[in-house]
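Asker: Take a look at data.txt, compact mmCIF, C-alpha atoms:
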# COMPACT_ATOMS: atom_id res chain seq x y z
CA MET Z 929 -2.86 -16.28 10.31
CA LYS Z 930 -2.38 -12.71 11.40
CA THR Z 931 -0.19 -11.95 8.39
CA MET Z 932 -2.65 -13.53 5.98
CA SER Z 933 -5.50 -11.51 7.47
CA GLU Z 934 -3.49 -8.31 7.16
CA ILE Z 935 -2.60 -9.10 3.54
CA THR Z 936 -6.25 -9.86 2.82
CA LEU Z 937 -7.30 -6.52 4.29
CA SER Z 938 -4.67 -4.68 2.26
CA ILE Z 939 -5.55 -6.36 -1.03
CA ALA Z 940 -9.28 -5.91 -0.48
CA THR Z 941 -8.75 -2.21 0.16
CA GLU Z 942 -6.64 -1.78 -2.98
CA LEU Z 943 -9.12 -3.68 -5.16
CA ASN Z 944 -12.04 -1.71 -3.76
CA SER Z 945 -10.24 1.54 -4.53
CA ALA Z 946 -9.73 0.48 -8.14
CA LEU Z 947 -13.37 -0.59 -8.41
CA GLN Z 948 -14.56 2.77 -7.11
CA THR Z 949 -12.51 4.45 -9.84
CA ILE Z 950 -14.12 2.20 -12.48
CA ILE Z 951 -17.59 2.92 -11.12
CA GLY Z 952 -16.90 6.67 -11.14
CA HIS Z 953 -15.68 6.64 -14.73
CA CYS Z 954 -18.64 4.54 -15.85
CA ASP Z 955 -20.96 7.02 -14.18
CA LEU Z 956 -19.31 9.89 -16.05
CA LEU Z 957 -19.56 8.03 -19.36
CA GLU Z 958 -23.19 7.17 -18.67
CA ARG Z 959 -24.05 10.83 -18.15
CA GLY Z 960 -22.09 12.03 -21.18
CA TYR Z 961 -23.25 9.65 -23.90
CA PRO Z 962 -26.95 9.02 -24.56
CA ASP Z 963 -26.40 5.86 -26.68
CA PRO Z 964 -28.78 3.19 -25.27
CA ASN Z 965 -26.38 0.33 -26.05
CA LEU Z 966 -23.56 2.08 -24.21
CA GLN Z 967 -25.93 2.86 -21.33
CA ARG Z 968 -26.84 -0.83 -21.05
CA ASP Z 969 -23.20 -1.95 -21.16
CA LEU Z 970 -22.16 0.63 -18.59
CA ALA Z 971 -25.01 -0.41 -16.31
CA THR Z 972 -23.76 -4.02 -16.53
CA VAL Z 973 -20.19 -2.99 -15.72
CA MET Z 974 -21.34 -0.84 -12.80
CA HIS Z 975 -23.58 -3.60 -11.45
CA GLN Z 976 -20.76 -6.15 -11.53
CA ALA Z 977 -18.28 -3.70 -9.99
CA GLN Z 978 -20.71 -2.98 -7.16
CA ARG Z 979 -21.22 -6.72 -6.67
CA ILE Z 980 -17.47 -7.25 -6.40
CA SER Z 981 -17.22 -4.30 -4.02
CA GLY Z 982 -19.79 -5.98 -1.78
CA LEU Z 983 -17.82 -9.22 -1.83
CA LEU Z 984 -14.66 -7.31 -0.91
CA ASP Z 985 -16.51 -5.72 2.02
CA LYS Z 986 -17.43 -9.20 3.25
CA MET Z 987 -13.85 -10.37 2.77
CA ARG Z 988 -12.54 -7.37 4.69
CA ALA Z 989 -15.01 -7.95 7.53
CA ALA Z 990 -14.05 -11.63 7.76
CA ALA Z 991 -10.34 -10.76 7.85
CA GLN Z 992 -10.91 -8.17 10.58
CA GLU Z 993 -12.89 -10.71 12.58
CA ARG Z 994 -10.08 -13.23 12.19
CA LEU Z 995 -7.54 -10.65 13.37
CA LYS Z 996 -9.67 -10.09 16.49
CA GLU Z 997 -9.81 -13.85 17.11
CA VAL Z 998 -6.03 -14.14 16.76
CA ALA Z 999 -5.51 -11.21 19.15
CA GLU Z 1000 -7.87 -12.75 21.71
CA THR Z 1001 -6.12 -16.11 21.44
CA VAL Z 1002 -2.75 -14.45 21.95
CA ASN Z 1003 -4.02 -12.49 24.95
CA GLN Z 1004 -5.78 -15.48 26.53
CA GLY Z 1005 -2.87 -17.82 25.97
CA GLY Z 1006 -0.48 -15.60 27.83
CA ILE Z 1007 1.57 -15.12 24.69
CA PRO Z 1008 3.28 -11.73 24.83
CA SER Z 1009 2.24 -9.37 22.07
CA SER Z 1010 5.72 -7.88 21.65
CA PRO Z 1011 9.37 -8.69 22.38
CA GLU Z 1012 9.31 -6.10 25.15
CA ALA Z 1013 6.37 -7.80 26.81
CA TYR Z 1014 8.17 -11.13 26.50
CA GLY Z 1015 11.25 -9.69 28.18
CA ALA Z 1016 9.13 -8.34 31.02
CA THR Z 1017 7.64 -11.76 31.72
CA GLU Z 1018 11.06 -13.46 31.70
CA THR Z 1019 12.47 -11.21 34.40
CA THR Z 1020 9.59 -11.75 36.83
Show me this structure written as structure tokens.
Answerer:
Amino acid sequence: MKTMSEITLSIATELNSALQTIIGHCDLLERGYPDPNLQRDLATVMHQAQRISGLLDKMRAAAQERLKEVAETVNQGGIPSSPEAYGATETT
């Protein structure tokens, strides 16, 4: 679960970065070309990109919450968080 949450966070961050680039380029195009049809199409692209960005934020938040839950479970269950911690419990 921890690995899946970390992968989810990583992918969400990468996708969001790409979306921000798309939004920025659309904004530049929108300012540079007064064609109403292009303006409408760019507004649609920007709206959808912002919608996806919001979904990625929710996905990232859920993955972070899951990572916290996994960490709490590990800590409560007495499961060592590292090999060093495991070795310390074996010698006592």
Asker: I want to know what sits within 8 Å of region 984-997 of chain Z, based on all atoms listed in the file, with residues of the same chain fewer than 4 positions away left out; could you give that as a PyMOL selection string?
Answerer: chain Z and resi 929-930+933-934+936-937+940-941+943-944+980+1001
Asker: Using the file's own x, y and z axes, what box holds all listed atoms of region 971-988 of chain Z with 6 Å on each side, keeping edges along x, y and z, and what are its centre and edge lengths in Å to one decimal, as lines of an AutoDock Vina configuration file?
Answerer:
center_x = -18.8
center_y = -5.4
center_z = -5.9
size_x = 24.5
size_y = 22.0
size_z = 33.2
Asker: Would you mind reading off the distance between CA of Glu958 (chain Z) and CA of Met974 (chain Z), one decimal, in Å?
Answerer: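 Computing it gives 10.1 Å between the two atoms.
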Asker: Which residue gives the smallest distance to Thr949 (chain Z) among Z:Gln978, Z:Asn1003, Z:Thr931, Z:Gln967, with all atoms listed in the file counted?
Answerer: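 Among the listed residues, the smallest separation from Thr949 (chain Z) belongs to Z:Gln978.
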Asker: To one decimal place, how far is CA of Leu957 (chain Z) from CA of Ser938 (chain Z) in Å?
Answerer: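 Atom-to-atom, CA of Leu957 (chain Z) to CA of Ser938 (chain Z), that is 29.2 Å.
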Asker: Grab the CA of Ser981 (chain Z) to CA of Gln948 (chain Z) distance for me, in Å with one decimal place.
Answerer: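 It comes out at 8.2 Å.
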Asker: Applying 12 Å and only C-alpha atoms, which residues near Thr972 (chain Z) remain after dropping the ones on its own chain fewer than 4 positions away? List them as a list in words.
Answerer: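 Non-adjacent residues within range: Ile951, Cys954, Asp955, Glu958, Asn965, Leu966, Gln967, Arg968, Gln976, Ala977, Gln978 and Arg979 of chain Z.
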